[in-house]
Amino acid sequence: MKRIYAKGKSILDEGVNCGKTSGLPKIISIKGLRKSFDGNEVLKGIDLEIDEGEVVSVIGPSGSGKSTLARCMCRLEKIDGGTVTLSGVEITSGVHDNGDIARLVGMIFQQFNLYPHLTVLRNITLSPVHVLGIPPGEAREQARELLAQVGLEDKADARPGQLSGGQQQRVAIARALAMKPRIMLFDEPTSALDPELVGEVLEVMARLARSGMTMMVITHEMGFAREVSDRVVFMDDGNIVESSAPAELLANPSQARTRQFLQRLLAGPGKAGSGVSAYGF
Amino acid sequence: MGFDFSLVIPRMGMFIAGAMVTIEASMLSIFFGAVLGIIVGILRVAPLKPVKMAAACYIYVIRGTPALIQLFFIYFGLPALGINLSAMASGVIGLSLNSAGYVGEIVRGGIEAVSRGQWEAGKVLGMSYLKSMRFVILPQALRNMLPAFGNEFVTLVKESSLLSTLAITELTQVGQQVRSVTYASFETFIIVGAMYLVMTTIATMGLRYVEKKWSVA
Ligand SMILES: Nc1ncnc2c1ncn2[C@@H]1O[C@H](COP(=O)(O)OP(=O)(O)OP(=O)(O)O)[C@@H](O)[C@H]1O
Ligand SMILES: [Mg+2]
């Protein structure tokens with residue numbers, strides 16, 4: 001895995017502003033976001049702002065609306081109220097096509113969702129060629145470069161089914177990056193992986209974070225939340241309960257509900273707690 | 001009682017000519033039926049209610065009426081509307097339209113069997129509904145559908161015997177002609193049956209091969 005830390009500018013860094021951004025408009029601005037499923041309100045007016053280059057981990061109990069929030073941010077769900085503005089673009093206004101949105105935001109799924117009938121390389125080049133209109137040769141070149149950066153240059157011609165879960169998720173990350181999005185969303189990217197494969201994916205994500213990518217990561221990996229993210233957001237029952245620096249939120253949560261959640265996470269057996277300090281970032 | 005193939009064997013040329021017509025009609029119908037059926041199947045799952053309903057109606061009518069009546073309608077019925085088609089054209093169109101109904105239903109099932117995550121991946125990677133369908137969903141659906149497709153092709157080869165009723169000299173019609181001059185009914189239809197079996201076997205084996213080559217790793 002050492003090679004993915006290679007020095008120098010890479011595609012991962014391109015177009016991403018690594019500088020201080022406090023005075024600039026937020027790259028992610030969510031206001032009063034509401035979402036219901038058949039009368040059941042799952043997001044109850046979410047307000048969330050994220051700076052360019054910021055890495056935010058989202059934690060919270062099952063069913064609290066974390067996935068729904070991420071899905072509303074890439075138009076996989078229609079929203080019932082409020083606004084989602086990414087890089088100044090109000091994505092739910094209805095005037096933007098899927099290609100416009102894909103240039104703004106990439107999404108990584110728990111189940112990878114690679115295209116099983118295509119090679120790894122074609123998985124990555126499909127949208128650049130058919131959505132962005134990049135010439136195929138150029139797209140392949142870029143795809144190989146991205147594969148090298150996630151440590152999989154030798155898997156270009158493999159089918160997803162021939163790869164381990166960790167390798168599949170790294171391909172999924174390369175595939176999303178090929179659209180050159182300004183924001184990356186991750187919905188429990190390592191929850192479907194065998195424990196021994198979690199590290200390689202988190203490592204790629206940590207590197208992406210260091211390259212200056214704006215990231216929102218829904219995760220149960222507390223090690224990642226603490227050591228890679230700039231901020232941790234705790235969600236419960238369709239609300240953001242608390243949002244602060246990882247050291248603060250994880251060590252001294254100000255809300256009782258956050259405290260309860262963290263205590264259960266640390267005490268309880270099972271995979272939810274397995275990430276704590278397991279990966280030395 | 002013994003069987004006497006001596007009257008039938010000299011007419012082997014007729015059987016082969018008939019089989020060629022059967023193959024020609026079947027291949028054309030399989031091709032047009034598949035193309036049309038894929039379109040029907042895609043429309044059947046379209047995110048537009050009227051389109052979806054129209055495709056559903058088509059499938060409903062085709063599957064709910066005998067293929068023979070569909071053929072009669074085109075060959076004997078359409079001239080009443082001023083549309084005169086040759087027997088072969090009527091036959092191929094009839095079988096294609098018929099097959100499209102069944103293929104449409106197979107395609108619908110195949111598309112619906114592709115996981116929602118594939119649609120979602122296509123969408124967040126910027127593809128429109130049609131692009132996702134074309135590059136992501138349909139290729140997977142077609143691979144999943146190959147066995148069902150194979151059954152439909154074999155069915156179609158057999159159903160092409162209905163064309164004999166339109167006086168097309170395909171294999172079944174040849175059988176009837178040979179029988180009526182030789183009276184060797186048993187021998188004639190043994191040969192006709194065997195030739196159908198050879199054709200369906202080859203079709204099945206061909207599809208197995210394609211299935212293997214195409215299967216998702
Ligand atoms: N498509 C849907 N239809 C109906 N209800 C849904 C749908 N998607 C999510 N929900 C409901 O919305 C609520 C929030 O779901 P969501 O998946 O956002 O939670 P989560 O925080 O991601 O949970 P987990 O940690 O288990 O992934 C849950 O009660 C869930 O049952
Ligand atoms: Mg979730």
# chains A, B, ... in the order shown; residues from 1 in each chain; ligands from 1

call {"tool": "closest_atom_pairs", "arguments": {"of": "chain A", "to": "ligand 2", "cutoff": "8 Å", "atoms": "only C-alpha atoms and all ligand atoms", "output": "tab-separated table"}}
result
residue	atom	partner	partner_atom_place_in_ligand_line	distance
A:Ser62	CA	ligand 2	1 (Mg)	6.8
A:Gly63	CA	ligand 2	1 (Mg)	7.0
A:Gly65	CA	ligand 2	1 (Mg)	7.0
A:Lys66	CA	ligand 2	1 (Mg)	5.6
A:Ser67	CA	ligand 2	1 (Mg)	4.0
A:Thr68	CA	ligand 2	1 (Mg)	7.2
A:Asp187	CA	ligand 2	1 (Mg)	6.6
A:Glu188	CA	ligand 2	1 (Mg)	7.0
A:Ile218	CA	ligand 2	1 (Mg)	7.8

call {"tool": "write_last_selection", "arguments": {"atoms": "C-alpha atoms", "output": "compact mmCIF listing (two decimals), in the first residue's frame"}}
result
# COMPACT_ATOMS: atom_id res chain seq x y z
CA SER A 62 -29.29 2.75 12.45
CA GLY A 63 -32.34 4.39 10.92
CA GLY A 65 -31.37 9.06 8.31
CA LYS A 66 -27.65 9.10 7.43
CA SER A 67 -28.02 7.27 4.13
CA THR A 68 -31.10 9.25 3.22
CA ASP A 187 -22.13 5.66 2.60
CA GLU A 188 -20.54 3.11 4.94
CA ILE A 218 -20.98 7.96 6.83

call {"tool": "select_by_dssp", "arguments": {"residues": "stretch 40-210 of chain B", "states": "alpha helix (DSSP H)", "output": "number ranges by chain"}}
result
B: 40-44, 49-64, 67-72, 87-113, 116-124, 129-131, 138-159, 171-182, 185-210

call {"tool": "write_last_selection", "arguments": {"atoms": "C-alpha atoms", "output": "CSV table (one decimal), in the first residue's frame"}}
result
chain,number,residue,atom,x,y,z
B,40,VAL,CA,-41.6,-3.9,-26.1
B,41,GLY,CA,-39.8,-5.0,-22.9
B,42,ILE,CA,-38.1,-1.7,-22.5
B,43,LEU,CA,-41.3,0.2,-23.0
B,44,ARG,CA,-43.0,-2.2,-20.5
B,49,LYS,CA,-47.5,5.2,-17.4
B,50,PRO,CA,-49.2,5.4,-20.9
B,51,VAL,CA,-46.1,3.8,-22.6
B,52,LYS,CA,-46.0,1.1,-19.9
B,53,MET,CA,-49.7,0.4,-20.3
B,54,ALA,CA,-49.5,0.2,-24.1
B,55,ALA,CA,-46.7,-2.3,-23.9
B,56,ALA,CA,-48.6,-4.3,-21.3
B,57,CYS,CA,-51.7,-4.3,-23.6
B,58,TYR,CA,-49.7,-5.6,-26.5
B,59,ILE,CA,-48.2,-8.4,-24.4
B,60,TYR,CA,-51.7,-9.2,-23.0
B,61,VAL,CA,-53.3,-9.5,-26.5
B,62,ILE,CA,-50.5,-11.5,-28.0
B,63,ARG,CA,-50.2,-14.0,-25.2
B,64,GLY,CA,-54.0,-14.3,-24.8
B,67,ALA,CA,-50.7,-17.7,-32.8
B,68,LEU,CA,-52.8,-19.3,-35.6
B,69,ILE,CA,-55.5,-16.7,-35.3
B,70,GLN,CA,-52.8,-13.9,-35.3
B,71,LEU,CA,-51.5,-15.4,-38.6
B,72,PHE,CA,-55.0,-15.7,-40.1
B,87,ALA,CA,-47.9,-15.5,-47.6
B,88,MET,CA,-44.3,-15.5,-46.5
B,89,ALA,CA,-44.4,-11.8,-45.5
B,90,SER,CA,-47.6,-12.4,-43.5
B,91,GLY,CA,-46.1,-15.5,-41.9
B,92,VAL,CA,-42.9,-13.8,-40.8
B,93,ILE,CA,-44.6,-10.7,-39.6
B,94,GLY,CA,-47.2,-12.8,-37.7
B,95,LEU,CA,-44.6,-14.9,-36.0
B,96,SER,CA,-42.4,-11.9,-35.3
B,97,LEU,CA,-45.3,-10.0,-33.7
B,98,ASN,CA,-46.2,-13.1,-31.7
B,99,SER,CA,-42.7,-13.8,-30.5
B,100,ALA,CA,-42.2,-10.1,-29.6
B,101,GLY,CA,-45.0,-10.5,-27.0
B,102,TYR,CA,-43.2,-13.4,-25.3
B,103,VAL,CA,-39.8,-11.8,-25.6
B,104,GLY,CA,-41.2,-8.6,-24.3
B,105,GLU,CA,-42.3,-10.3,-21.1
B,106,ILE,CA,-38.9,-12.1,-20.8
B,107,VAL,CA,-37.1,-8.8,-21.2
B,108,ARG,CA,-39.3,-7.1,-18.6
B,109,GLY,CA,-38.4,-9.8,-16.2
B,110,GLY,CA,-34.7,-9.6,-17.0
B,111,ILE,CA,-34.6,-5.8,-16.6
B,112,GLU,CA,-36.4,-6.0,-13.3
B,113,ALA,CA,-34.0,-8.6,-12.0
B,116,ARG,CA,-31.5,-1.2,-8.0
B,117,GLY,CA,-27.9,-0.4,-7.1
B,118,GLN,CA,-27.0,-0.7,-10.8
B,119,TRP,CA,-29.5,2.0,-11.7
B,120,GLU,CA,-28.2,4.1,-8.9
B,121,ALA,CA,-24.6,3.7,-9.9
B,122,GLY,CA,-25.4,4.8,-13.4
B,123,LYS,CA,-27.3,7.8,-12.2
B,124,VAL,CA,-24.7,9.1,-9.8
B,129,TYR,CA,-32.3,6.9,-17.9
B,130,LEU,CA,-31.7,5.8,-21.5
B,131,LYS,CA,-27.9,5.6,-21.1
B,138,LEU,CA,-29.9,-4.1,-20.7
B,139,PRO,CA,-26.5,-5.9,-21.2
B,140,GLN,CA,-26.9,-7.5,-17.8
B,141,ALA,CA,-30.6,-8.2,-18.4
B,142,LEU,CA,-29.9,-9.8,-21.7
B,143,ARG,CA,-27.3,-12.1,-20.2
B,144,ASN,CA,-29.7,-13.2,-17.5
B,145,MET,CA,-32.4,-13.8,-20.1
B,146,LEU,CA,-30.5,-16.0,-22.5
B,147,PRO,CA,-31.9,-19.3,-21.2
B,148,ALA,CA,-35.4,-18.0,-21.5
B,149,PHE,CA,-34.6,-16.6,-24.9
B,150,GLY,CA,-33.3,-20.0,-26.0
B,151,ASN,CA,-36.7,-21.6,-25.0
B,152,GLU,CA,-38.5,-18.9,-27.0
B,153,PHE,CA,-36.3,-19.5,-30.1
B,154,VAL,CA,-36.9,-23.3,-30.0
B,155,THR,CA,-40.7,-22.6,-29.6
B,156,LEU,CA,-40.6,-20.3,-32.6
B,157,VAL,CA,-38.9,-22.9,-34.8
B,158,LYS,CA,-41.7,-25.3,-33.9
B,159,GLU,CA,-44.5,-22.8,-34.2
B,171,LEU,CA,-41.2,-28.4,-43.8
B,172,THR,CA,-44.6,-29.3,-42.4
B,173,GLN,CA,-46.3,-28.4,-45.7
B,174,VAL,CA,-43.8,-30.5,-47.6
B,175,GLY,CA,-44.6,-33.3,-45.3
B,176,GLN,CA,-48.3,-33.0,-46.2
B,177,GLN,CA,-47.5,-32.9,-49.9
B,178,VAL,CA,-45.3,-36.0,-49.7
B,179,ARG,CA,-47.8,-37.8,-47.6
B,180,SER,CA,-50.6,-37.1,-50.1
B,181,VAL,CA,-48.7,-38.5,-53.0
B,182,THR,CA,-47.0,-41.4,-51.3
B,185,SER,CA,-47.7,-41.0,-43.6
B,186,PHE,CA,-45.7,-42.7,-40.8
B,187,GLU,CA,-42.4,-42.5,-42.7
B,188,THR,CA,-43.0,-39.0,-43.9
B,189,PHE,CA,-43.7,-37.5,-40.5
B,190,ILE,CA,-40.9,-39.5,-38.9
B,191,ILE,CA,-38.6,-37.7,-41.2
B,192,VAL,CA,-40.3,-34.3,-40.7
B,193,GLY,CA,-40.2,-34.7,-36.9
B,194,ALA,CA,-36.5,-35.8,-37.0
B,195,MET,CA,-35.6,-32.7,-39.1
B,196,TYR,CA,-37.4,-30.4,-36.6
B,197,LEU,CA,-35.5,-32.1,-33.8
B,198,VAL,CA,-32.2,-31.5,-35.6
B,199,MET,CA,-33.0,-27.8,-36.0
B,200,THR,CA,-34.1,-27.3,-32.4
B,201,THR,CA,-31.1,-29.2,-31.1
B,202,ILE,CA,-28.7,-27.1,-33.1
B,203,ALA,CA,-30.5,-23.9,-32.0
B,204,THR,CA,-30.2,-25.0,-28.3
B,205,MET,CA,-26.6,-25.9,-28.6
B,206,GLY,CA,-25.8,-22.6,-30.3
B,207,LEU,CA,-27.5,-20.7,-27.5
B,208,ARG,CA,-25.7,-22.8,-24.8
B,209,TYR,CA,-22.4,-21.7,-26.4
B,210,VAL,CA,-23.4,-18.1,-26.5

call {"tool": "residues_around", "arguments": {"residues": "stretch 157-169 of chain A", "least_positions_apart": "2", "cutoff": "9 Å", "atoms": "only C-alpha atoms", "output": "ChimeraX atom specification"}}
result
/A:108-123,150-152,154-155,171-174,189-190,192-194,196-201 /B:216-217

call {"tool": "closest_residue", "arguments": {"among": "A:Met205, A:Met213, A:Ala176, A:Leu185", "to": "chain B", "atoms": "only C-alpha atoms"}}
result
A:Ala176

call {"tool": "residues_near_ligand", "arguments": {"ligand": "ligand 1", "cutoff": "12 Å", "atoms": "only C-alpha atoms and all ligand atoms", "output": "PyMOL selection string"}}
result
(chain A and resi 34-44+58-72+76-78+109-111+186-189+191-192+217-220+234-240+272) or (chain B and resi 116)

call {"tool": "closest_residue", "arguments": {"among": "B:Thr169, B:Ser115, B:Ser161, B:Asn84", "to": "chain A", "atoms": "only C-alpha atoms"}}
result
B:Ser115

call {"tool": "atom_distance", "arguments": {"atom1": "atom CA of A:Val228", "atom2": "atom CA of A:Val55"}}
result
7.4 Å

call {"tool": "atom_distance", "arguments": {"atom1": "atom CA of B:Ile23", "atom2": "atom CA of B:Ala184"}}
result
24.6 Å

call {"tool": "residues_around", "arguments": {"residues": "A:Pro181", "least_positions_apart": "3", "cutoff": "7 Å", "atoms": "only C-alpha atoms", "output": "list in words"}}
result
Ala102, Arg103, Leu104, Val105, Gly106, Leu177 and Met184 of chain A

call {"tool": "write_last_selection", "arguments": {"atoms": "N, CA, C and O atoms", "output": "JSON list (two decimals), in the first residue's frame"}}
result
[["chain", "number", "residue", "atom", "x", "y", "z"],
["A", 102, "ALA", "N", -23.24, 14.77, -11.58],
["A", 102, "ALA", "CA", -22.10, 13.87, -11.42],
["A", 102, "ALA", "C", -20.77, 14.61, -11.43],
["A", 102, "ALA", "O", -19.79, 14.15, -10.85],
["A", 103, "ARG", "N", -20.74, 15.74, -12.11],
["A", 103, "ARG", "CA", -19.51, 16.55, -12.11],
["A", 103, "ARG", "C", -19.28, 17.24, -10.77],
["A", 103, "ARG", "O", -18.19, 17.69, -10.46],
["A", 104, "LEU", "N", -20.35, 17.35, -10.00],
["A", 104, "LEU", "CA", -20.25, 18.01, -8.70],
["A", 104, "LEU", "C", -19.96, 17.02, -7.58],
["A", 104, "LEU", "O", -19.18, 17.30, -6.68],
["A", 105, "VAL", "N", -20.66, 15.89, -7.63],
["A", 105, "VAL", "CA", -20.62, 15.01, -6.47],
["A", 105, "VAL", "C", -20.55, 13.56, -6.89],
["A", 105, "VAL", "O", -21.25, 13.12, -7.81],
["A", 106, "GLY", "N", -19.65, 12.81, -6.23],
["A", 106, "GLY", "CA", -19.54, 11.37, -6.45],
["A", 106, "GLY", "C", -20.07, 10.64, -5.23],
["A", 106, "GLY", "O", -20.07, 11.19, -4.12],
["A", 177, "LEU", "N", -13.99, 9.03, -9.07],
["A", 177, "LEU", "CA", -13.04, 10.13, -9.27],
["A", 177, "LEU", "C", -12.85, 10.45, -10.75],
["A", 177, "LEU", "O", -12.48, 11.57, -11.10],
["A", 184, "MET", "N", -17.06, 14.24, -2.59],
["A", 184, "MET", "CA", -17.27, 12.80, -2.58],
["A", 184, "MET", "C", -18.08, 12.41, -1.35],
["A", 184, "MET", "O", -17.75, 12.80, -0.22]]

call {"tool": "select_by_dssp", "arguments": {"residues": "stretch 7-252 of chain A", "states": "strand (DSSP E or B)", "output": "number ranges by chain"}}
result
A: 28-37, 40-50, 55-59, 81-86, 89-90, 105-108, 183-187, 214-218, 231-236, 239-244

call {"tool": "closest_residue", "arguments": {"among": "A:Asp80, A:Glu49, A:Asp100, A:Glu248", "to": "chain B", "atoms": "only C-alpha atoms"}}
result
A:Asp100

call {"tool": "decode", "arguments": {"residues": "stretch 31-94 of chain A", "atoms": "C-alpha atoms", "output": "PDB file, in the first residue's frame"}}
result
ATOM      1  CA  LYS A  31     -30.892  24.227   4.494  1.00  0.00           C
ATOM      2  CA  GLY A  32     -34.060  22.890   6.105  1.00  0.00           C
ATOM      3  CA  LEU A  33     -33.818  19.565   4.266  1.00  0.00           C
ATOM      4  CA  ARG A  34     -36.911  17.418   4.800  1.00  0.00           C
ATOM      5  CA  LYS A  35     -37.627  13.954   3.494  1.00  0.00           C
ATOM      6  CA  SER A  36     -40.448  11.545   4.255  1.00  0.00           C
ATOM      7  CA  PHE A  37     -41.183   8.015   3.133  1.00  0.00           C
ATOM      8  CA  ASP A  38     -44.939   7.387   3.070  1.00  0.00           C
ATOM      9  CA  GLY A  39     -45.694   9.869   5.830  1.00  0.00           C
ATOM     10  CA  ASN A  40     -42.731   8.787   7.954  1.00  0.00           C
ATOM     11  CA  GLU A  41     -40.423  11.786   8.292  1.00  0.00           C
ATOM     12  CA  VAL A  42     -36.849  10.577   8.027  1.00  0.00           C
ATOM     13  CA  LEU A  43     -35.065  13.946   7.703  1.00  0.00           C
ATOM     14  CA  LYS A  44     -36.642  16.633   9.859  1.00  0.00           C
ATOM     15  CA  GLY A  45     -35.076  19.818   8.637  1.00  0.00           C
ATOM     16  CA  ILE A  46     -31.349  19.240   8.253  1.00  0.00           C
ATOM     17  CA  ASP A  47     -29.011  22.249   8.174  1.00  0.00           C
ATOM     18  CA  LEU A  48     -25.434  21.422   7.269  1.00  0.00           C
ATOM     19  CA  GLU A  49     -22.610  23.440   5.805  1.00  0.00           C
ATOM     20  CA  ILE A  50     -19.293  21.998   4.724  1.00  0.00           C
ATOM     21  CA  ASP A  51     -16.194  23.916   3.645  1.00  0.00           C
ATOM     22  CA  GLU A  52     -14.227  23.167   0.546  1.00  0.00           C
ATOM     23  CA  GLY A  53     -11.602  20.552   1.378  1.00  0.00           C
ATOM     24  CA  GLU A  54     -13.273  19.656   4.639  1.00  0.00           C
ATOM     25  CA  VAL A  55     -13.735  16.009   5.621  1.00  0.00           C
ATOM     26  CA  VAL A  56     -16.848  15.328   7.659  1.00  0.00           C
ATOM     27  CA  SER A  57     -17.706  11.999   9.237  1.00  0.00           C
ATOM     28  CA  VAL A  58     -21.366  11.315   9.917  1.00  0.00           C
ATOM     29  CA  ILE A  59     -22.191   8.889  12.684  1.00  0.00           C
ATOM     30  CA  GLY A  60     -25.434   7.853  14.298  1.00  0.00           C
ATOM     31  CA  PRO A  61     -27.682   4.915  15.100  1.00  0.00           C
ATOM     32  CA  SER A  62     -29.289   2.754  12.446  1.00  0.00           C
ATOM     33  CA  GLY A  63     -32.342   4.389  10.922  1.00  0.00           C
ATOM     34  CA  SER A  64     -31.320   7.903  11.946  1.00  0.00           C
ATOM     35  CA  GLY A  65     -31.370   9.063   8.309  1.00  0.00           C
ATOM     36  CA  LYS A  66     -27.648   9.097   7.429  1.00  0.00           C
ATOM     37  CA  SER A  67     -28.018   7.266   4.130  1.00  0.00           C
ATOM     38  CA  THR A  68     -31.102   9.249   3.216  1.00  0.00           C
ATOM     39  CA  LEU A  69     -29.157  12.471   3.768  1.00  0.00           C
ATOM     40  CA  ALA A  70     -26.341  11.339   1.467  1.00  0.00           C
ATOM     41  CA  ARG A  71     -28.831  10.090  -1.119  1.00  0.00           C
ATOM     42  CA  CYS A  72     -30.632  13.443  -1.124  1.00  0.00           C
ATOM     43  CA  MET A  73     -27.261  15.101  -1.778  1.00  0.00           C
ATOM     44  CA  CYS A  74     -26.789  13.253  -5.074  1.00  0.00           C
ATOM     45  CA  ARG A  75     -30.438  13.196  -6.134  1.00  0.00           C
ATOM     46  CA  LEU A  76     -30.975   9.510  -5.512  1.00  0.00           C
ATOM     47  CA  GLU A  77     -33.948  10.662  -3.429  1.00  0.00           C
ATOM     48  CA  LYS A  78     -36.361  13.456  -4.174  1.00  0.00           C
ATOM     49  CA  ILE A  79     -36.591  15.866  -1.298  1.00  0.00           C
ATOM     50  CA  ASP A  80     -39.787  17.175   0.266  1.00  0.00           C
ATOM     51  CA  GLY A  81     -38.488  20.499   1.501  1.00  0.00           C
ATOM     52  CA  GLY A  82     -35.448  22.714   1.913  1.00  0.00           C
ATOM     53  CA  THR A  83     -32.488  23.111  -0.396  1.00  0.00           C
ATOM     54  CA  VAL A  84     -29.263  21.315  -1.203  1.00  0.00           C
ATOM     55  CA  THR A  85     -26.681  23.613  -2.766  1.00  0.00           C
ATOM     56  CA  LEU A  86     -23.390  22.147  -3.958  1.00  0.00           C
ATOM     57  CA  SER A  87     -20.698  24.491  -5.169  1.00  0.00           C
ATOM     58  CA  GLY A  88     -23.306  27.177  -5.689  1.00  0.00           C
ATOM     59  CA  VAL A  89     -25.626  24.882  -7.660  1.00  0.00           C
ATOM     60  CA  GLU A  90     -29.044  24.149  -6.222  1.00  0.00           C
ATOM     61  CA  ILE A  91     -29.189  20.540  -7.286  1.00  0.00           C
ATOM     62  CA  THR A  92     -32.856  19.902  -6.573  1.00  0.00           C
ATOM     63  CA  SER A  93     -34.108  22.774  -8.724  1.00  0.00           C
ATOM     64  CA  GLY A  94     -34.817  20.368 -11.566  1.00  0.00           C
TER      65      GLY A  94
END
